[in-house]
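Enquirer: As input, take upload_11.txt (compact mmCIF, C-alpha atoms):
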# COMPACT_ATOMS: atom_id res chain seq x y z
CA MET G 98 -129.48 -31.84 139.55
CA ASN G 99 -130.43 -34.99 141.37
CA LEU G 100 -127.83 -37.58 142.33
CA ASN G 101 -130.36 -40.38 141.85
CA HIS G 102 -131.16 -39.47 138.23
CA ASN G 103 -127.97 -39.72 136.16
CA PRO G 104 -126.41 -36.37 137.12
CA THR G 105 -123.96 -34.72 134.75
CA ARG G 106 -120.99 -32.41 135.13
CA GLN G 107 -122.89 -29.89 132.98
CA GLN G 108 -125.70 -29.79 135.55
CA LEU G 109 -123.17 -29.18 138.33
CA LYS G 110 -121.48 -26.47 136.27
CA ALA G 111 -124.87 -24.77 135.84
CA ILE G 112 -125.44 -24.78 139.61
CA PHE G 113 -122.07 -23.16 140.28
CA SER G 114 -122.36 -20.74 137.37
CA ALA G 115 -125.74 -19.46 138.60
CA CYS G 116 -124.19 -18.26 141.89
CA ASP G 117 -122.56 -14.93 142.64
CA ASP G 118 -119.41 -15.12 144.77
CA THR G 119 -119.74 -11.46 145.75
CA ILE G 120 -123.08 -11.74 147.59
CA GLY G 121 -121.97 -13.99 150.43
CA HIS G 122 -120.82 -17.42 151.48
CA HIS G 123 -122.35 -20.50 149.82
CA VAL G 124 -123.24 -23.94 151.16
CA LEU G 125 -123.26 -26.96 148.84
CA TRP G 126 -125.68 -29.57 150.15
CA VAL G 127 -127.79 -32.53 149.10
CA SER G 128 -131.31 -33.28 150.31
CA ARG G 129 -132.48 -36.73 151.33
CA ASN G 130 -134.07 -37.22 147.90
CA GLY G 131 -130.78 -36.44 146.10
CA ASP G 132 -131.34 -32.84 144.99
CA VAL G 133 -128.13 -30.81 144.95
CA ALA G 134 -128.29 -27.16 146.05
CA LEU G 135 -125.79 -24.34 146.44
CA THR G 136 -127.38 -21.94 148.90
CA PRO G 137 -126.10 -18.38 149.46
CA MET G 138 -125.66 -17.12 153.00
CA PRO G 139 -125.15 -13.48 154.06
CA SER G 140 -121.43 -12.74 154.34
CA GLU G 141 -121.75 -11.67 157.97
CA ARG G 142 -123.25 -15.03 158.87
CA ILE G 143 -121.23 -18.22 158.74
CA PRO G 144 -123.81 -21.01 158.43
CA VAL G 145 -123.78 -22.17 162.04
CA GLY G 146 -126.84 -24.33 162.51
CA PHE G 147 -127.42 -24.73 158.76
CA ASP G 148 -127.91 -28.47 159.22
CA GLN G 149 -130.57 -27.95 161.89
CA THR G 150 -132.50 -25.37 159.85
CA ASN G 151 -132.58 -27.70 156.85
CA PRO G 152 -133.95 -30.99 158.21
CA ASP G 153 -134.04 -32.50 154.71
CA LEU G 154 -130.24 -32.19 154.47
CA LEU G 155 -128.31 -35.45 154.20
CA LEU G 156 -124.94 -34.31 152.83
CA ARG G 157 -123.22 -30.95 153.30
CA TYR G 158 -119.90 -29.60 152.11
CA GLU G 159 -117.55 -27.14 153.73
CA THR G 160 -118.75 -23.57 153.22
CA PHE G 161 -117.42 -21.74 150.18
CA ARG G 162 -116.46 -18.37 151.61
CA GLN G 163 -117.34 -15.16 149.84
CA GLY G 164 -114.70 -13.78 147.50
CA THR G 165 -112.64 -16.98 147.19
CA GLY G 166 -113.77 -17.79 143.64
CA TYR G 167 -115.25 -21.20 144.49
CA VAL G 168 -118.68 -20.26 143.12
CA GLY G 169 -119.76 -18.33 140.07
CA HIS G 170 -118.93 -18.44 136.39
CA GLN G 171 -115.16 -18.78 136.85
CA ALA G 172 -115.55 -21.70 139.25
CA ALA G 173 -117.92 -23.41 136.81
CA GLU G 174 -115.34 -23.08 134.03
CA ASP G 175 -112.60 -24.74 136.11
CA GLU G 176 -112.88 -28.29 134.76
CA LYS G 177 -110.61 -29.83 137.42
CA PHE G 178 -112.56 -28.20 140.24
CA VAL G 179 -115.96 -29.25 138.82
CA ASP G 180 -114.71 -32.78 138.20
CA ARG G 181 -113.38 -33.06 141.75
CA ILE G 182 -116.69 -31.87 143.26
CA PHE G 183 -118.71 -34.09 140.91
CA LYS G 184 -116.75 -37.22 141.78
CA SER G 185 -116.91 -36.36 145.48
CA LEU G 186 -120.69 -35.89 145.33
CA GLN G 187 -121.14 -39.27 143.71
CA SER G 188 -118.81 -41.03 146.14
CA GLU G 189 -120.19 -39.38 149.27
CA TRP G 190 -123.77 -39.90 148.10
CA ALA G 191 -123.16 -43.62 147.73
CA THR G 192 -121.86 -43.69 151.31
CA VAL G 193 -124.62 -41.63 152.97
CA THR G 194 -127.46 -43.41 151.21
CA GLU G 195 -126.23 -46.66 152.75
CA THR G 196 -126.26 -45.22 156.27
CA SER G 197 -129.01 -42.54 155.96
CA SER G 198 -127.16 -40.36 158.45
CA GLN G 199 -126.03 -36.78 157.83
CA CYS G 200 -122.52 -36.34 156.51
CA TYR G 201 -120.22 -33.30 156.43
CA VAL G 202 -117.50 -33.17 153.76
CA ASP G 203 -114.54 -30.88 154.29
CA LEU G 204 -112.05 -32.53 151.95
CA PHE G 205 -112.87 -33.17 148.32
Can I see the file as structure tokens?
Expert:
Amino acid sequence: MNLNHNPTRQQLKAIFSACDDTIGHHVLWVSRNGDVALTPMPSERIPVGFDQTNPDLLLRYETFRQGTGYVGHQAAEDEKFVDRIFKSLQSEWATVTETSSQCYVDLF
């Protein structure tokens, strides 16, 4: 899914559905070219320094902690949740592309 190429809710649902909430925490982030990623992190490691180890990162969301149900098939089927994230991605992307500076989103 790329925020510059007519993204859809279905694409976002596919990203969330492909993840496994039981394997660790997950970080939702967007690269400078608009690609959206949901990256798993080992459960014993909160992603401190994630921004620095991913220099292409422009937009990052609060970490989805393991076992909370915010990633995986159930999360993807929650239409309100997906819609909220989708709208937030579009809104935040419009803001960060104007400034080109990294942004952290903790409320969506």
Enquirer: Counting all atoms listed in the file, which residue out of G:Val133, G:Leu154, G:Ala172, G:Ala191 sits closest to Asp118 of chain G?
Expert: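 Of G:Val133, G:Leu154, G:Ala172, G:Ala191, the one nearest Asp118 of chain G, counting all atoms listed in the file, is G:Ala172.
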Enquirer: Between G:Asp180, G:Glu174, G:Glu195, G:Asp132, single out the one closest to Arg157 of chain G, counting all atoms listed in the file.
Expert: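 Ranking G:Asp180, G:Glu174, G:Glu195, G:Asp132 by distance to Arg157 of chain G, first place goes to G:Asp132.
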Enquirer: Mind dumping a table of every segment 153-179 of chain G residue within 10 Å of segment 98-107 of chain G, with the nearest atom pair and its distance in Å to one decimal, using all atoms listed in the file, sorted by chain and rising number, as a tab-separated table?
Expert:
residue	atom	partner	partner_atom	distance
G:Ala173	CA	G:Gln107	CA	9.0
G:Glu176	CA	G:Arg106	CA	9.1
G:Val179	CA	G:Arg106	CA	7.0
Enquirer: Can you spit out the residues from that selection as a PDB file, keeping the file's coordinate frame, using C-alpha atoms?
Expert:
ATOM      1  CA  ALA G 173    -117.920 -23.410 136.810  1.00  0.00           C
ATOM      2  CA  GLU G 176    -112.880 -28.290 134.760  1.00  0.00           C
ATOM      3  CA  VAL G 179    -115.960 -29.250 138.820  1.00  0.00           C
TER       4      VAL G 179
END
Enquirer: Nearest to Phe113 of chain G: which of G:Phe161, G:Ser128, G:His170, G:Asn151 is it, counting all atoms listed in the file?
Expert: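 Of all the options, G:His170 lies closest to Phe113 of chain G.
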Enquirer: Between G:Asp117, G:Ser185, G:His122, G:Arg162, which has the minimum distance to Val202 of chain G (counting only C-alpha atoms)?
Expert: G:Ser185
Enquirer: Find the residue from G:Asp175, G:Ser198, G:Leu156, G:Val168 that sits nearest to Gly131 of chain G; use only C-alpha atoms when measuring.
Expert: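 The closest residue to Gly131 of chain G is G:Leu156.
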Enquirer: Given all atoms listed in the file as the basis, pick out the residue of G:Leu186, G:Cys116, G:Val193, G:Ala111 nearest to Thr136 of chain G.
Expert: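 Of G:Leu186, G:Cys116, G:Val193, G:Ala111, the one nearest Thr136 of chain G, counting all atoms listed in the file, is G:Cys116.
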Enquirer: What gap, in Å, lies between atom CA of Lys184 of chain G and atom CA of Gly121 of chain G?
Expert: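 Pair atom CA of Lys184 of chain G / atom CA of Gly121 of chain G returns 25.3 Å.
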Enquirer: How many Å separate atom CA of Thr192 of chain G from atom CA of Thr165 of chain G?
Expert: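 Answer for the atom CA of Thr192 of chain G to atom CA of Thr165 of chain G separation: 28.6 Å.
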Enquirer: Could you give me, as a count of residues only, the residues within 10 Å of Ile120 of chain G, counting all atoms listed in the file and dropping anything in the same chain fewer than 4 positions from it?
Expert: 7
Enquirer: Which polymer residues have any atom within 9 Å of an atom of Leu155 of chain G, counting only C-alpha atoms, with same-chain residues fewer than 5 positions away left out, as a short mmCIF file (atom, residue, chain, number, x, y, z; two decimals) with C-alpha atoms, in the coordinates of the input?
Expert:
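And here is the file that came out, part_6.cif:
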data_model
loop_
_atom_site.label_atom_id
_atom_site.label_comp_id
_atom_site.auth_asym_id
_atom_site.auth_seq_id
_atom_site.Cartn_x
_atom_site.Cartn_y
_atom_site.Cartn_z
CA TRP G 126 -125.68 -29.57 150.15
CA VAL G 127 -127.79 -32.53 149.10
CA SER G 128 -131.31 -33.28 150.31
CA ARG G 129 -132.48 -36.73 151.33
CA ASN G 130 -134.07 -37.22 147.90
CA GLY G 131 -130.78 -36.44 146.10
CA ASP G 148 -127.91 -28.47 159.22
CA TRP G 190 -123.77 -39.90 148.10
CA VAL G 193 -124.62 -41.63 152.97
CA THR G 194 -127.46 -43.41 151.21
CA SER G 197 -129.01 -42.54 155.96
CA SER G 198 -127.16 -40.36 158.45
CA GLN G 199 -126.03 -36.78 157.83
CA CYS G 200 -122.52 -36.34 156.51
CA TYR G 201 -120.22 -33.30 156.43
#
Enquirer: Please measure the separation of atom CA of Phe183 of chain G and atom CA of Phe147 of chain G, giving the value in Å to one decimal.
Expert: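 Result for atom CA of Phe183 of chain G versus atom CA of Phe147 of chain G: 22.0 Å, one decimal.
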